[in-house]
$ cat coords.tsv   # TSV, C-alpha atoms (C1' of nucleotides)
chain	number	residue	atom	x	y	z
A	1	MET	CA	4.29	10.84	42.31
A	2	LYS	CA	6.27	9.03	39.61
A	3	ASP	CA	5.99	9.86	35.95
A	4	HIS	CA	6.50	7.53	33.01
A	5	LEU	CA	8.78	9.54	30.79
A	6	HIS	CA	11.61	7.05	30.71
A	7	LEU	CA	12.93	5.35	27.61
A	8	ASN	CA	13.25	1.88	29.06
A	9	GLU	CA	9.76	1.90	30.43
A	10	GLN	CA	8.27	2.50	27.03
A	11	LEU	CA	6.67	-0.27	25.03
A	12	CYS	CA	7.05	1.63	21.87
A	13	PHE	CA	10.79	2.05	21.82
A	14	PRO	CA	11.60	-1.69	21.87
A	15	VAL	CA	9.09	-2.31	19.09
A	16	TYR	CA	10.56	0.54	17.04
A	17	VAL	CA	14.11	-0.76	17.53
A	18	PHE	CA	13.10	-4.35	16.85
A	19	ALA	CA	11.39	-3.40	13.59
A	20	LYS	CA	14.52	-1.59	12.44
A	21	GLU	CA	16.69	-4.56	13.42
A	22	ILE	CA	14.55	-6.92	11.40
A	23	ILE	CA	14.88	-4.74	8.31
A	24	ASN	CA	18.63	-4.56	8.84
A	25	GLN	CA	18.79	-8.34	9.12
A	26	TYR	CA	16.99	-8.61	5.80
A	27	ARG	CA	19.25	-6.13	4.07
A	28	PRO	CA	22.18	-8.38	3.07
A	29	LEU	CA	19.80	-11.11	1.88
A	30	LEU	CA	17.68	-8.69	-0.13
A	31	ASP	CA	20.69	-6.85	-1.54
A	32	GLU	CA	21.43	-10.00	-3.52
A	33	LEU	CA	18.01	-9.74	-5.14
A	34	GLU	CA	18.32	-5.97	-5.63
A	35	LEU	CA	15.28	-5.43	-3.42
A	36	THR	CA	14.64	-3.25	-0.39
A	37	TYR	CA	12.43	-4.55	2.39
A	38	PRO	CA	9.27	-2.68	1.30
A	39	GLN	CA	9.93	-3.77	-2.27
A	40	TYR	CA	10.24	-7.35	-1.04
A	41	LEU	CA	6.84	-7.00	0.62
A	42	VAL	CA	5.37	-5.88	-2.70
A	43	MET	CA	6.88	-8.95	-4.34
A	44	LEU	CA	5.40	-11.23	-1.67
A	45	VAL	CA	1.96	-9.81	-2.33
A	46	LEU	CA	2.32	-10.09	-6.10
A	47	TRP	CA	3.70	-13.64	-5.92
A	48	GLU	CA	0.53	-14.59	-4.08
A	49	GLN	CA	-1.69	-12.84	-6.59
A	50	ASP	CA	-0.39	-11.26	-9.74
A	51	LYS	CA	-1.89	-8.07	-11.21
A	52	GLN	CA	-3.15	-5.81	-8.49
A	53	THR	CA	-3.88	-2.11	-8.41
A	54	VAL	CA	-1.75	0.34	-6.45
A	55	ASN	CA	-4.72	0.65	-4.13
A	56	GLN	CA	-4.92	-3.09	-3.44
A	57	LEU	CA	-1.20	-3.24	-2.71
A	58	GLY	CA	-1.53	-0.24	-0.44
A	59	GLU	CA	-4.31	-1.79	1.59
A	60	LYS	CA	-2.44	-5.02	2.13
A	61	LEU	CA	0.85	-3.32	2.96
A	62	LYS	CA	-0.63	-0.29	4.77
A	63	LEU	CA	1.13	2.13	2.45
A	64	ASP	CA	-0.29	5.07	0.52
A	65	SER	CA	0.28	6.21	-3.04
A	66	GLY	CA	2.84	8.75	-1.87
A	67	THR	CA	5.04	5.86	-0.83
A	68	LEU	CA	4.03	3.30	-3.43
A	69	THR	CA	4.10	5.34	-6.63
A	70	PRO	CA	7.82	6.15	-6.51
A	71	LEU	CA	8.65	2.72	-5.05
A	72	LEU	CA	6.83	0.95	-7.86
A	73	LYS	CA	8.53	3.16	-10.44
A	74	ARG	CA	11.88	2.00	-9.09
A	75	MET	CA	10.70	-1.60	-9.28
A	76	GLU	CA	9.58	-0.98	-12.85
A	77	GLN	CA	13.03	0.37	-13.71
A	78	LYS	CA	14.57	-2.78	-12.32
A	79	GLU	CA	12.08	-4.66	-14.51
A	80	PHE	CA	10.45	-6.64	-11.72
A	81	VAL	CA	6.98	-5.23	-12.38
A	82	SER	CA	5.01	-3.42	-15.07
A	83	ARG	CA	2.73	-0.46	-14.41
A	84	VAL	CA	-0.22	-0.29	-16.79
A	85	ARG	CA	-3.18	2.02	-16.43
A	86	SER	CA	-6.41	0.05	-16.44
A	87	THR	CA	-8.60	0.35	-19.52
A	88	ILE	CA	-11.74	-0.46	-17.51
A	89	ASP	CA	-11.15	2.25	-14.92
A	90	GLU	CA	-8.55	4.71	-16.07
A	91	ARG	CA	-7.99	6.01	-12.57
A	92	SER	CA	-6.39	2.70	-11.59
A	93	VAL	CA	-2.93	1.40	-12.39
A	94	ASN	CA	-2.35	-2.34	-12.56
A	95	ILE	CA	0.91	-3.65	-11.20
A	96	SER	CA	1.94	-6.99	-12.68
A	97	LEU	CA	5.00	-9.20	-12.42
A	98	THR	CA	7.39	-9.36	-15.35
A	99	GLU	CA	9.03	-12.68	-16.21
A	100	LYS	CA	12.08	-11.46	-14.30
A	101	GLY	CA	9.86	-10.67	-11.34
A	102	LYS	CA	8.24	-14.10	-11.44
A	103	SER	CA	11.54	-15.93	-11.65
A	104	LEU	CA	12.96	-13.93	-8.74
A	105	ARG	CA	10.69	-16.01	-6.53
A	106	GLU	CA	13.04	-18.98	-6.74
A	107	GLN	CA	15.96	-16.93	-5.53
A	108	ALA	CA	13.82	-15.73	-2.64
A	109	GLN	CA	12.87	-19.21	-1.45
A	110	ALA	CA	15.80	-19.43	0.92
A	111	ILE	CA	15.13	-16.10	2.63
A	112	PRO	CA	12.57	-17.05	5.31
A	113	GLN	CA	14.75	-19.83	6.74
A	114	LYS	CA	17.86	-17.71	6.58
A	115	MET	CA	16.04	-14.99	8.47
A	116	VAL	CA	14.85	-17.31	11.21
A	117	ALA	CA	18.37	-18.65	11.51
A	118	SER	CA	20.12	-15.27	11.54
A	119	MET	CA	17.72	-13.74	14.05
A	120	GLY	CA	18.54	-16.44	16.55
A	121	ILE	CA	15.02	-16.56	17.96
A	122	SER	CA	13.60	-19.83	19.19
A	123	THR	CA	10.56	-21.10	17.34
A	124	GLU	CA	8.46	-20.80	20.49
A	125	ASP	CA	9.40	-17.16	21.08
A	126	LEU	CA	8.75	-16.44	17.46
A	127	GLU	CA	5.33	-18.04	17.64
A	128	SER	CA	4.28	-16.30	20.81
A	129	LEU	CA	5.47	-12.94	19.51
A	130	LYS	CA	3.55	-13.49	16.31
A	131	ASN	CA	0.46	-14.44	18.30
A	132	ILE	CA	0.51	-11.50	20.65
A	133	ILE	CA	1.11	-8.94	17.93
A	134	HIS	CA	-1.62	-10.54	15.90
A	135	LYS	CA	-3.95	-10.38	18.89
A	136	ILE	CA	-3.15	-6.75	19.59
A	137	THR	CA	-3.34	-5.45	16.04
A	138	ASN	CA	-6.60	-7.27	15.39
A	139	THR	CA	-8.38	-6.52	18.66
A	140	ARG	CA	-7.82	-2.87	17.99
A	141	LYS	CA	-9.71	-2.45	14.73
B	1	MET	CA	6.84	-29.00	-0.64
B	2	LYS	CA	5.45	-25.77	0.73
B	3	ASP	CA	7.43	-22.56	0.72
B	4	HIS	CA	7.16	-19.67	3.14
B	5	LEU	CA	6.96	-16.69	0.85
B	6	HIS	CA	3.61	-15.48	2.09
B	7	LEU	CA	2.96	-12.12	3.68
B	8	ASN	CA	0.73	-13.34	6.45
B	9	GLU	CA	3.11	-16.05	7.50
B	10	GLN	CA	5.89	-13.56	8.13
B	11	LEU	CA	6.82	-12.45	11.60
B	12	CYS	CA	8.46	-9.39	10.29
B	13	PHE	CA	5.55	-7.78	8.54
B	14	PRO	CA	3.30	-7.53	11.63
B	15	VAL	CA	6.17	-6.04	13.63
B	16	TYR	CA	6.90	-3.55	10.86
B	17	VAL	CA	3.24	-2.53	10.63
B	18	PHE	CA	2.83	-2.35	14.39
B	19	ALA	CA	5.87	-0.09	14.74
B	20	LYS	CA	4.46	2.26	12.14
B	21	GLU	CA	1.06	2.24	13.85
B	22	ILE	CA	2.61	3.18	17.15
B	23	ILE	CA	4.39	6.15	15.60
B	24	ASN	CA	1.15	7.21	13.92
B	25	GLN	CA	-0.65	7.01	17.28
B	26	TYR	CA	1.98	9.28	18.79
B	27	ARG	CA	1.79	11.81	15.99
B	28	PRO	CA	-1.20	13.92	17.11
B	29	LEU	CA	0.09	14.00	20.70
B	30	LEU	CA	3.61	14.94	19.65
B	31	ASP	CA	2.41	17.50	17.10
B	32	GLU	CA	1.23	19.58	20.04
B	33	LEU	CA	4.78	19.64	21.39
B	34	GLU	CA	6.27	20.25	17.94
B	35	LEU	CA	8.18	16.97	18.18
B	36	THR	CA	8.50	13.99	15.88
B	37	TYR	CA	8.73	10.52	17.41
B	38	PRO	CA	12.54	10.21	17.09
B	39	GLN	CA	12.88	13.72	18.50
B	40	TYR	CA	10.66	12.70	21.41
B	41	LEU	CA	13.00	9.77	22.07
B	42	VAL	CA	15.92	12.20	22.21
B	43	MET	CA	14.01	14.30	24.72
B	44	LEU	CA	13.27	11.24	26.88
B	45	VAL	CA	16.97	10.41	27.00
B	46	LEU	CA	17.95	14.00	27.78
B	47	TRP	CA	15.27	14.37	30.46
B	48	GLU	CA	16.80	11.37	32.20
B	49	GLN	CA	20.31	12.75	31.90
B	50	ASP	CA	21.09	16.18	30.54
B	51	LYS	CA	24.19	16.94	28.46
B	52	GLN	CA	25.15	13.94	26.40
B	53	THR	CA	27.28	13.59	23.30
B	54	VAL	CA	25.83	12.67	19.93
B	55	ASN	CA	27.54	9.34	20.37
B	56	GLN	CA	25.87	8.62	23.69
B	57	LEU	CA	22.47	9.50	22.28
B	58	GLY	CA	23.16	7.33	19.27
B	59	GLU	CA	24.04	4.31	21.37
B	60	LYS	CA	20.94	4.57	23.48
B	61	LEU	CA	18.62	5.19	20.55
B	62	LYS	CA	20.44	2.96	18.03
B	63	LEU	CA	20.86	5.80	15.59
B	64	ASP	CA	23.98	6.99	13.77
B	65	SER	CA	25.31	10.47	13.16
B	66	GLY	CA	23.83	10.53	9.69
B	67	THR	CA	20.42	10.45	11.32
B	68	LEU	CA	21.16	12.37	14.49
B	69	THR	CA	23.16	15.33	13.18
B	70	PRO	CA	20.37	16.79	11.04
B	71	LEU	CA	17.70	15.76	13.55
B	72	LEU	CA	19.53	17.56	16.37
B	73	LYS	CA	20.02	20.62	14.19
B	74	ARG	CA	16.26	20.78	13.72
B	75	MET	CA	15.79	20.44	17.48
B	76	GLU	CA	18.31	23.21	17.97
B	77	GLN	CA	16.37	25.44	15.59
B	78	LYS	CA	13.24	24.81	17.64
B	79	GLU	CA	15.32	25.75	20.68
B	80	PHE	CA	14.79	22.51	22.59
B	81	VAL	CA	18.50	21.69	22.74
B	82	SER	CA	21.90	23.32	22.33
B	83	ARG	CA	24.78	21.80	20.38
B	84	VAL	CA	28.15	22.76	21.78
B	85	ARG	CA	31.44	21.23	20.73
B	86	SER	CA	33.28	19.87	23.75
B	87	THR	CA	36.38	21.77	24.84
B	88	ILE	CA	37.90	18.65	26.38
B	89	ASP	CA	37.56	16.55	23.24
B	90	GLU	CA	36.85	18.70	20.23
B	91	ARG	CA	35.62	15.73	18.23
B	92	SER	CA	32.56	15.48	20.46
B	93	VAL	CA	29.46	17.63	20.47
B	94	ASN	CA	27.49	18.01	23.69
B	95	ILE	CA	23.74	18.09	23.41
B	96	SER	CA	22.03	19.86	26.29
B	97	LEU	CA	18.48	20.86	27.10
B	98	THR	CA	17.53	24.52	26.86
B	99	GLU	CA	15.09	25.97	29.40
B	100	LYS	CA	12.38	25.52	26.80
B	101	GLY	CA	13.45	21.90	26.41
B	102	LYS	CA	13.37	21.31	30.15
B	103	SER	CA	9.96	22.85	30.59
B	104	LEU	CA	8.54	20.82	27.73
B	105	ARG	CA	8.72	17.83	30.07
B	106	GLU	CA	5.63	18.99	31.92
B	107	GLN	CA	3.59	19.10	28.73
B	108	ALA	CA	4.80	15.60	27.94
B	109	GLN	CA	3.68	14.11	31.25
B	110	ALA	CA	0.28	13.14	29.92
B	111	ILE	CA	1.57	11.34	26.84
B	112	PRO	CA	2.29	7.84	28.20
B	113	GLN	CA	-1.19	7.42	29.65
B	114	LYS	CA	-2.83	8.87	26.57
B	115	MET	CA	-0.90	6.42	24.45
B	116	VAL	CA	-1.88	3.41	26.52
B	117	ALA	CA	-5.48	4.57	26.36
B	118	SER	CA	-5.54	5.26	22.63
B	119	MET	CA	-3.83	2.02	21.69
B	120	GLY	CA	-6.55	0.04	23.41
B	121	ILE	CA	-4.22	-2.68	24.59
B	122	SER	CA	-4.84	-4.40	27.89
B	123	THR	CA	-2.14	-3.96	30.50
B	124	GLU	CA	-1.45	-7.70	30.46
B	125	ASP	CA	-0.94	-7.87	26.72
B	126	LEU	CA	1.23	-4.81	26.92
B	127	GLU	CA	3.37	-6.38	29.61
B	128	SER	CA	3.78	-9.71	27.86
B	129	LEU	CA	4.65	-8.02	24.58
B	130	LYS	CA	7.20	-5.89	26.35
B	131	ASN	CA	8.66	-8.97	28.02
B	132	ILE	CA	8.95	-11.08	24.93
B	133	ILE	CA	10.51	-8.33	22.84
B	134	HIS	CA	12.89	-7.61	25.67
B	135	LYS	CA	13.77	-11.27	25.87
B	136	ILE	CA	14.33	-11.56	22.14
B	137	THR	CA	16.36	-8.42	21.66
B	138	ASN	CA	18.55	-9.15	24.66
B	139	THR	CA	19.13	-12.85	24.07
B	140	ARG	CA	20.42	-12.00	20.68
B	141	LYS	CA	23.38	-9.81	21.58
C	1	DT	C1'	-27.74	15.10	-18.84
C	2	DT	C1'	-25.40	17.83	-15.62
C	3	DC	C1'	-22.83	18.80	-11.90
C	4	DA	C1'	-21.34	17.95	-7.24
C	5	DT	C1'	-19.03	14.27	-4.98
C	6	DA	C1'	-16.06	10.50	-4.60
C	7	DT	C1'	-12.18	7.79	-5.90
C	8	DA	C1'	-7.28	6.52	-7.72
C	9	DA	C1'	-2.77	7.99	-8.56
C	10	DA	C1'	0.59	11.28	-8.74
C	11	DT	C1'	3.09	15.15	-6.89
C	12	DT	C1'	5.32	18.05	-3.37
C	13	DG	C1'	7.57	18.65	0.77
C	14	DC	C1'	9.57	17.20	5.03
C	15	DG	C1'	11.83	14.07	8.18
C	16	DC	C1'	13.85	9.99	9.23
C	17	DA	C1'	17.31	5.72	8.47
C	18	DC	C1'	21.35	4.10	6.89
C	19	DA	C1'	25.47	3.15	3.85
C	20	DA	C1'	29.58	5.26	2.39
C	21	DT	C1'	32.71	8.73	2.64
C	22	DA	C1'	35.02	12.92	4.42
C	23	DT	C1'	37.03	15.79	7.93
C	24	DA	C1'	39.11	16.70	12.02
C	25	DA	C1'	40.84	15.57	16.58
C	26	DT	C1'	42.88	12.15	19.62
C	27	DT	C1'	45.42	8.12	20.99
C	28	DG	C1'	48.77	4.61	21.01
C	29	DT	C1'	53.14	2.73	19.56
C	30	DG	C1'	57.74	2.72	18.23
D	1	DC	C1'	58.26	13.21	19.09
D	2	DA	C1'	56.17	11.28	14.75
D	3	DC	C1'	52.74	9.07	12.54
D	4	DA	C1'	49.56	5.38	11.75
D	5	DA	C1'	45.29	3.95	13.59
D	6	DT	C1'	41.19	5.13	15.92
D	7	DT	C1'	37.31	7.90	17.18
D	8	DA	C1'	33.51	11.59	16.74
D	9	DT	C1'	30.86	14.07	13.95
D	10	DA	C1'	29.43	15.76	9.51
D	11	DT	C1'	28.20	15.17	4.66
D	12	DT	C1'	26.22	12.96	0.57
D	13	DG	C1'	23.06	10.14	-1.62
D	14	DT	C1'	19.18	6.90	-1.83
D	15	DG	C1'	14.85	5.18	-0.31
D	16	DC	C1'	11.08	5.02	2.46
D	17	DG	C1'	6.66	7.04	5.09
D	18	DC	C1'	3.21	10.18	5.43
D	19	DA	C1'	0.53	14.65	5.23
D	20	DA	C1'	-1.39	17.73	1.99
D	21	DT	C1'	-2.53	18.91	-2.47
D	22	DT	C1'	-3.35	18.15	-7.46
D	23	DT	C1'	-5.06	15.87	-11.54
D	24	DA	C1'	-7.92	12.90	-13.85
D	25	DT	C1'	-11.63	9.73	-14.04
D	26	DA	C1'	-15.90	7.76	-12.47
D	27	DT	C1'	-20.32	7.80	-10.05
D	28	DG	C1'	-24.69	9.24	-8.39
D	29	DA	C1'	-28.49	12.26	-7.53
D	30	DA	C1'	-31.48	16.02	-9.15
$ encode --input "coords.tsv" --output "structure tokens"
Amino acid sequence: MKDHLHLNEQLCFPVYVFAKEIINQYRPLLDELELTYPQYLVMLVLWEQDKQTVNQLGEKLKLDSGTLTPLLKRMEQKEFVSRVRSTIDERSVNISLTEKGKSLREQAQAIPQKMVASMGISTEDLESLKNIIHKITNTRK
Amino acid sequence: MKDHLHLNEQLCFPVYVFAKEIINQYRPLLDELELTYPQYLVMLVLWEQDKQTVNQLGEKLKLDSGTLTPLLKRMEQKEFVSRVRSTIDERSVNISLTEKGKSLREQAQAIPQKMVASMGISTEDLESLKNIIHKITNTRK
DNA sequence: TTCATATAAATTGCGCACAATATAATTGTG
DNA sequence: CACAATTATATTGTGCGCAATTTATATGAA
């Protein structure tokens, strides 16, 4: 009667390690922009649509206010975003890009290609991984 | 000329979210054993082979002493492991299972199946995901 | 209108994760 | 043997990530 309590049998461990590796691959690229990986994700979301509430960011990035509030304060200090409480609904805080935040986008252009290159994953593997994770995470909801 | 700075185009974001989801799925199961996910990984490694140095654990789990030292101290406080400096090489610290740590293995037996069940992933998807991540992370070294 | 309920952020507290540095023991080379 | 270089762990500091709680505002039903 075999059990399954072995590290290398786990699905979860490889995913956990892979996720950390990705973030570590990003680090040198993002250091140049003075961004961390989660901060970079916030920028991606804001570059697509400026001015969003903390709540909207949190839903898209799957992060709660306990993570976002201090993170966004750090981004405000670095002058990438502004945090302004909404006048319409004073419970909400609007996060908007500053000019510095908008212009950072140009510097970030090169990142996706650099990442693909530095990870050394073939385009096919990358596609199939993307597909399967997409399938799994969406089937589940 | 299209750029690639869009959240949903990224490979990395789905992997990052999926890894977090996995850990969150583990949480209620591991709470019962008074373990966090990284601590559970340490237990898996020690259940396979008792008495390992911090270094050996770190290599298997891809974690450094800055992470492991405090984590292992917490596990020591909960009396799952002992930390004893090696007499042969006094730079090393041997991490061994206590009786409580050994017996915890029985309580953990049910976890892998519960996880597979609660994640709602088909066995095939699970296998192919495991394979592709394995392929990617091993090709790369 | 009033008051319970819901919602949005912020706060607190804990545990990683990792870079950088420090400390101490060991090893290798002349 | 001496001593520089290496190795193993610990420490410090910063930044998530999340549970639990708090504070403030808004909403909805009686």
$ residues_around --input "coords.tsv" --residues "DT14 (chain D)" --least-positions-apart "2" --cutoff "10 Å" --atoms "all atoms listed in the file" --output "PyMOL selection string"
(chain C and resi 18-19) or (chain D and resi 12+16)
$ atom_distance --input "coords.tsv" --atom1 "CA of Ser65 (chain B)" --atom2 "CA of Phe18 (chain B)"
25.9 Å
$ interface_residues --input "coords.tsv" --of "chain B" --to "chain A" --cutoff "7 Å" --atoms "all atoms listed in the file" --output "PyMOL selection string"
chain B and resi 3-7+11-12+14-16+19+22+44-45+48+109+112+120-121+129-130+132-133+136+140
$ residues_near_point --input "coords.tsv" --point "(-5.0, 6.7, -3.4)" --cutoff "8 Å" --atoms "all atoms listed in the file" --output "number ranges by chain"
A: 54-55, 64-65; C: 7-9
$ calpha_fit_and_write --input "coords.tsv" --fixed "chain B" --moving "chain A" --output "mmCIF file with C-alpha atoms, in the coordinates of the input"
data_model
loop_
_atom_site.group_PDB
_atom_site.id
_atom_site.type_symbol
_atom_site.label_atom_id
_atom_site.label_comp_id
_atom_site.auth_asym_id
_atom_site.auth_seq_id
_atom_site.Cartn_x
_atom_site.Cartn_y
_atom_site.Cartn_z
ATOM 1 C CA MET A 1 6.949 -29.044 -0.690
ATOM 2 C CA LYS A 2 5.565 -25.781 0.697
ATOM 3 C CA ASP A 3 7.512 -22.561 0.706
ATOM 4 C CA HIS A 4 7.219 -19.694 3.161
ATOM 5 C CA LEU A 5 6.998 -16.711 0.876
ATOM 6 C CA HIS A 6 3.646 -15.484 2.090
ATOM 7 C CA LEU A 7 3.005 -12.130 3.697
ATOM 8 C CA ASN A 8 0.752 -13.345 6.470
ATOM 9 C CA GLU A 9 3.139 -16.040 7.517
ATOM 10 C CA GLN A 10 5.896 -13.561 8.143
ATOM 11 C CA LEU A 11 6.816 -12.428 11.622
ATOM 12 C CA CYS A 12 8.475 -9.380 10.320
ATOM 13 C CA PHE A 13 5.570 -7.779 8.542
ATOM 14 C CA PRO A 14 3.323 -7.519 11.629
ATOM 15 C CA VAL A 15 6.184 -6.037 13.635
ATOM 16 C CA TYR A 16 6.921 -3.538 10.860
ATOM 17 C CA VAL A 17 3.255 -2.521 10.620
ATOM 18 C CA PHE A 18 2.851 -2.351 14.385
ATOM 19 C CA ALA A 19 5.883 -0.088 14.751
ATOM 20 C CA LYS A 20 4.474 2.273 12.136
ATOM 21 C CA GLU A 21 1.072 2.257 13.844
ATOM 22 C CA ILE A 22 2.618 3.187 17.157
ATOM 23 C CA ILE A 23 4.409 6.153 15.606
ATOM 24 C CA ASN A 24 1.179 7.229 13.938
ATOM 25 C CA GLN A 25 -0.633 7.010 17.264
ATOM 26 C CA TYR A 26 1.989 9.280 18.783
ATOM 27 C CA ARG A 27 1.797 11.813 15.990
ATOM 28 C CA PRO A 28 -1.194 13.920 17.114
ATOM 29 C CA LEU A 29 0.086 13.992 20.704
ATOM 30 C CA LEU A 30 3.603 14.961 19.662
ATOM 31 C CA ASP A 31 2.403 17.508 17.112
ATOM 32 C CA GLU A 32 1.219 19.591 20.053
ATOM 33 C CA LEU A 33 4.767 19.647 21.394
ATOM 34 C CA GLU A 34 6.264 20.253 17.938
ATOM 35 C CA LEU A 35 8.181 16.985 18.192
ATOM 36 C CA THR A 36 8.485 13.981 15.906
ATOM 37 C CA TYR A 37 8.734 10.523 17.419
ATOM 38 C CA PRO A 38 12.539 10.219 17.102
ATOM 39 C CA GLN A 39 12.874 13.732 18.487
ATOM 40 C CA TYR A 40 10.666 12.712 21.404
ATOM 41 C CA LEU A 41 13.007 9.793 22.065
ATOM 42 C CA VAL A 42 15.934 12.212 22.196
ATOM 43 C CA MET A 43 14.018 14.306 24.715
ATOM 44 C CA LEU A 44 13.295 11.243 26.863
ATOM 45 C CA VAL A 45 16.984 10.428 26.984
ATOM 46 C CA LEU A 46 17.980 14.004 27.781
ATOM 47 C CA TRP A 47 15.291 14.384 30.457
ATOM 48 C CA GLU A 48 16.833 11.386 32.181
ATOM 49 C CA GLN A 49 20.340 12.763 31.876
ATOM 50 C CA ASP A 50 21.100 16.181 30.518
ATOM 51 C CA LYS A 51 24.222 16.922 28.446
ATOM 52 C CA GLN A 52 25.189 13.944 26.376
ATOM 53 C CA THR A 53 27.305 13.598 23.272
ATOM 54 C CA VAL A 54 25.828 12.720 19.892
ATOM 55 C CA ASN A 55 27.549 9.379 20.309
ATOM 56 C CA GLN A 56 25.899 8.637 23.660
ATOM 57 C CA LEU A 57 22.481 9.516 22.267
ATOM 58 C CA GLY A 58 23.154 7.339 19.256
ATOM 59 C CA GLU A 59 24.052 4.325 21.345
ATOM 60 C CA LYS A 60 20.956 4.583 23.481
ATOM 61 C CA LEU A 61 18.627 5.208 20.550
ATOM 62 C CA LYS A 62 20.438 2.972 18.026
ATOM 63 C CA LEU A 63 20.856 5.834 15.582
ATOM 64 C CA ASP A 64 23.980 7.024 13.790
ATOM 65 C CA SER A 65 25.315 10.509 13.180
ATOM 66 C CA GLY A 66 23.814 10.529 9.698
ATOM 67 C CA THR A 67 20.398 10.472 11.311
ATOM 68 C CA LEU A 68 21.141 12.396 14.486
ATOM 69 C CA THR A 69 23.131 15.354 13.180
ATOM 70 C CA PRO A 70 20.341 16.795 11.024
ATOM 71 C CA LEU A 71 17.678 15.783 13.568
ATOM 72 C CA LEU A 72 19.501 17.569 16.366
ATOM 73 C CA LYS A 73 19.978 20.640 14.182
ATOM 74 C CA ARG A 74 16.214 20.793 13.735
ATOM 75 C CA MET A 75 15.764 20.446 17.485
ATOM 76 C CA GLU A 76 18.286 23.234 17.984
ATOM 77 C CA GLN A 77 16.312 25.460 15.615
ATOM 78 C CA LYS A 78 13.203 24.809 17.650
ATOM 79 C CA GLU A 79 15.303 25.752 20.689
ATOM 80 C CA PHE A 80 14.785 22.521 22.600
ATOM 81 C CA VAL A 81 18.494 21.692 22.741
ATOM 82 C CA SER A 82 21.887 23.337 22.319
ATOM 83 C CA ARG A 83 24.762 21.814 20.367
ATOM 84 C CA VAL A 84 28.167 22.756 21.749
ATOM 85 C CA ARG A 85 31.447 21.219 20.696
ATOM 86 C CA SER A 86 33.306 19.871 23.703
ATOM 87 C CA THR A 87 36.398 21.767 24.807
ATOM 88 C CA ILE A 88 37.910 18.628 26.362
ATOM 89 C CA ASP A 89 37.581 16.539 23.211
ATOM 90 C CA GLU A 90 36.882 18.685 20.204
ATOM 91 C CA ARG A 91 35.650 15.744 18.183
ATOM 92 C CA SER A 92 32.579 15.489 20.414
ATOM 93 C CA VAL A 93 29.470 17.643 20.440
ATOM 94 C CA ASN A 94 27.495 18.007 23.652
ATOM 95 C CA ILE A 95 23.739 18.112 23.373
ATOM 96 C CA SER A 96 22.049 19.858 26.289
ATOM 97 C CA LEU A 97 18.496 20.874 27.101
ATOM 98 C CA THR A 98 17.545 24.530 26.875
ATOM 99 C CA GLU A 99 15.126 25.966 29.431
ATOM 100 C CA LYS A 100 12.392 25.504 26.833
ATOM 101 C CA GLY A 101 13.453 21.897 26.417
ATOM 102 C CA LYS A 102 13.403 21.287 30.162
ATOM 103 C CA SER A 103 9.986 22.832 30.623
ATOM 104 C CA LEU A 104 8.553 20.791 27.748
ATOM 105 C CA ARG A 105 8.740 17.821 30.094
ATOM 106 C CA GLU A 106 5.635 18.963 31.949
ATOM 107 C CA GLN A 107 3.617 19.091 28.770
ATOM 108 C CA ALA A 108 4.808 15.584 27.964
ATOM 109 C CA GLN A 109 3.700 14.078 31.271
ATOM 110 C CA ALA A 110 0.294 13.136 29.944
ATOM 111 C CA ILE A 111 1.596 11.330 26.861
ATOM 112 C CA PRO A 112 2.319 7.821 28.205
ATOM 113 C CA GLN A 113 -1.181 7.402 29.656
ATOM 114 C CA LYS A 114 -2.815 8.856 26.588
ATOM 115 C CA MET A 115 -0.881 6.404 24.460
ATOM 116 C CA VAL A 116 -1.887 3.398 26.523
ATOM 117 C CA ALA A 117 -5.474 4.575 26.365
ATOM 118 C CA SER A 118 -5.527 5.303 22.629
ATOM 119 C CA MET A 119 -3.841 2.036 21.689
ATOM 120 C CA GLY A 120 -6.580 0.079 23.386
ATOM 121 C CA ILE A 121 -4.241 -2.666 24.564
ATOM 122 C CA SER A 122 -4.887 -4.401 27.849
ATOM 123 C CA THR A 123 -2.205 -3.991 30.479
ATOM 124 C CA GLU A 124 -1.519 -7.726 30.429
ATOM 125 C CA ASP A 125 -1.003 -7.842 26.661
ATOM 126 C CA LEU A 126 1.190 -4.813 26.901
ATOM 127 C CA GLU A 127 3.290 -6.409 29.609
ATOM 128 C CA SER A 128 3.699 -9.715 27.852
ATOM 129 C CA LEU A 129 4.599 -8.010 24.584
ATOM 130 C CA LYS A 130 7.158 -5.900 26.381
ATOM 131 C CA ASN A 131 8.578 -9.001 28.048
ATOM 132 C CA ILE A 132 8.881 -11.094 24.934
ATOM 133 C CA ILE A 133 10.468 -8.349 22.870
ATOM 134 C CA HIS A 134 12.824 -7.649 25.716
ATOM 135 C CA LYS A 135 13.702 -11.335 25.908
ATOM 136 C CA ILE A 136 14.289 -11.610 22.182
ATOM 137 C CA THR A 137 16.316 -8.448 21.710
ATOM 138 C CA ASN A 138 18.503 -9.225 24.706
ATOM 139 C CA THR A 139 19.066 -12.933 24.105
ATOM 140 C CA ARG A 140 20.373 -12.060 20.697
ATOM 141 C CA LYS A 141 23.334 -9.876 21.612
#
$ interface_residues --input "coords.tsv" --of "chain B" --to "chain C" --cutoff "7 Å" --atoms "all atoms listed in the file" --output "list of chain:residue names"
B:Thr67, B:Glu90, B:Arg91
